[in-house]
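The structure under discussion appears below in the form of structure tokens.
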Amino acid sequence: MTDPRRATPRVDAVLADPRLVAAAERLGPGLVRAAVARALDQVRSGRLPAEAAADVAVATLPASAAGLRRVLNATGVIVHTNLGRSALSPAAVAAVTDAAGYTDVEFDLSSGVRAKRGTEVLGALRAAVPGAEAVHVVNNNAAALALTVFALAAGREVVVSRGELIEIGDGFRIPELLTAAGAVLREVGTTNRTRLADYAEAIGPETALVMRLHPSNYRVSGFTAAPTLAELVSLDVPVVYDIGSGLLAPEPLLPDEPDAASALAAGAALVTASADKLLGGPQAGLIFGRTDLVTRMARHPLARALRVDKLTLAALEATVSGPLPPTTVSLRTPVAALRDRAQRLSAVLAEAGIDVEVVDTGSTVGGGGAPGVVLPSVGLSLPTGYAALLRQGDPPVVGRVSAGRCLLDLRTVPPQADEDLLTALLSAAKQH
């Protein structure tokens with residue numbers, strides 16, 4: 001019997017295939033060489049004919065040089081942390097592409113000298129929140145809180161209600177962040193009831209800040225009490241309000257969700273928020289408030305370590321100044337529009353012999369925003385086996401399993417992705 005290893009072509013001979021030469025320019029030589037090595041291993045084992053090595057190598061190449069894959073979010077969770085939170089708008093994507101090369105991020109083209117970094121995005125944020133005297137941007141909201149404490153309260157007391165000492169995803173705890181940043185934490189009140197008098201009694205010569213933290217990923221109801229923001233401001237100590245989810249102005253669909261404009265109007269000295277949640281932008285931490293405080297933070301040595309890059313600046317400005325981002329569009333899409341799409345998709349799938357139903361369901365904001373709020377929605381219900389098949393498709397589709405069925409909530413699938421969703425479902429049906 002002939003040893004199949006004798007027929008194995010040389011690596012450089014396979015790499016000379018024009019398709020692989022082009023792929024090496026697009027993906028880099030390392031990924032292409034690895035694909036060729038895997039194909040040649042199959043040839044050596046006799047599982048693949050030698051003449052098919054290049055074809056198999058081409059077929060197994062990744063779509064891009066990065067490991068992250070585009071995913072269709074059909075979970076019904078608008079701001080899905082595990083799926084990258086908010087999707088950027090086309091305007092923001094275009095801005096990132098433009099900023100990927102050399103830019104005038106710190107250069108004045110008129111004078112030819114160095115300029116202040118991020119002037120355009122800071123101006124856009126001030127225009128979006130006119131009540132803010134000054135704005136600063138860091139790399140996430142945790143960084144915004146850390147910089148606040150480092151710059152304004154290191155070695156001094158920060159007064160916080162026990163009912164707001166929250167833990168968010170992956171075991172991250174706010175009190176540990178505050179103390180790690182140098183604050184002496186003064187807890188007041190109880191889990192469910194904190195009065196203005198509790199704050200007043202805790203304030204003394206060493207008090208630097210009163211901090212209000214929006215319990216964004218849970219809700220306490222029943223026998224509860226908490227002072228209003230306006231009441232806290234009356235204590236004559238700077239109040240920092242972490243609103244969390246990133247609304248810049250009130251959203252009628254989420255009347256209980258705090259926003260930056262209202263918080264500043266109520267007297268908060270500083271407001272911190274995430275940019276990649278309800279604002280619908282890239283990951284960033286936003287700080288709005290008094291000029292004297294924001295200036296101290298921006299000039300703190302830690303600010304350099306927490307600054308954002310040019311891509312984030314570009315995406316954030318386009319999100320604030322440009323068209324509505326996908327997060328907002330998804331939130332505000334009428335149920336009737338979702339039902340029309342579901343019925344069109346269902347008709348095609350049913351004609352292909354797929355067991356599919358159009359069902360009413362409920363979406364959530366996610367990302368620690370609007371806990372307890374359920375948005376009426378419409379989805380496609382399929383046999384539960386589709387859940388795994390769709391996750392392994394191209395592109396992967398992530399739904400949820402509910403009542404023993406695979407549910408695809410269309411509120412989080414943009415209309416322009418309907419054809420991709422349909423293709424994925426028809427492909428999965430062949431394996432079901």
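We name chains A, B, ... following the order of the structure tokens; residues begin at 1 in each chain, and ligands are numbered from 1 as shown.
Look at range 367-373 of chain A: the protein and nucleic acid residues within 9 Å of it, using only C-alpha atoms and passing over chain neighbours fewer than 4 places away, are A:Val77, A:Ile78, A:Val79, A:His80, A:Thr81, A:Arg85, A:Ile168, A:Pro215, A:Ser216, A:Asn217, A:Tyr218, A:Arg219, A:Gly244, A:Ser245, A:Gly246, A:Leu254, A:Asp256, A:Glu257, A:Asp276, A:Lys277, A:Leu278, A:Ser363.
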| field | Arg339 in chain A surroundings by only C-alpha atoms, 10 Å radius, close-in-sequence under 3 positions cut, as a PyMOL selection string | value | chain A and resi 334-336+342-345+358-360+377-380+410-411
In range 228-311 of chain A, DSSP strand (DSSP E or B) residues written as a PyMOL selection string:
chain A and resi 239-244+270-274+285-289
Would you pick out the contacts of Arg10 in chain A at 12 Å or less, using only C-alpha atoms, so that residues sharing its chain but fewer than 3 positions from it are not included, and give the list as a VMD selection string? chain A and resid 5 to 7 13 to 17 33 36 to 37 39 to 41 43 to 44 50 to 51 53 to 54
Ranking A:Thr333, A:Ser64, A:Thr8, A:Asn141 by minimum distance to Ala284 in chain A and counting only C-alpha atoms, which one comes first?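 Once distances to Ala284 in chain A are computed over only C-alpha atoms, the minimum belongs to A:Asn141.
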(Q) Taking only C-alpha atoms into account, name the residue in A:Ser321, A:Thr179, A:Asn140, A:Thr224 that is nearest to Val158 in chain A. (A)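 Residue with the minimum atom-to-atom distance to Val158 in chain A: A:Thr179.
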message: When DSSP is applied to the backbone of this structure, which of range 66-198 of chain A are assigned helix (DSSP H, G or I)? Write them out as a PyMOL selection string.
response: chain A and resi 81-83+90-99+119-128+141-152+162-164+169-171+174-180+196-198
Q: Determine, counting only C-alpha atoms, which protein, DNA and RNA residues have an atom within 10 Å of an atom of range 93-106 of chain A; residues of the same chain fewer than 4 positions away are not included. Present the result as a PyMOL selection string.
A: chain A and resi 87-89+113-120+309-319
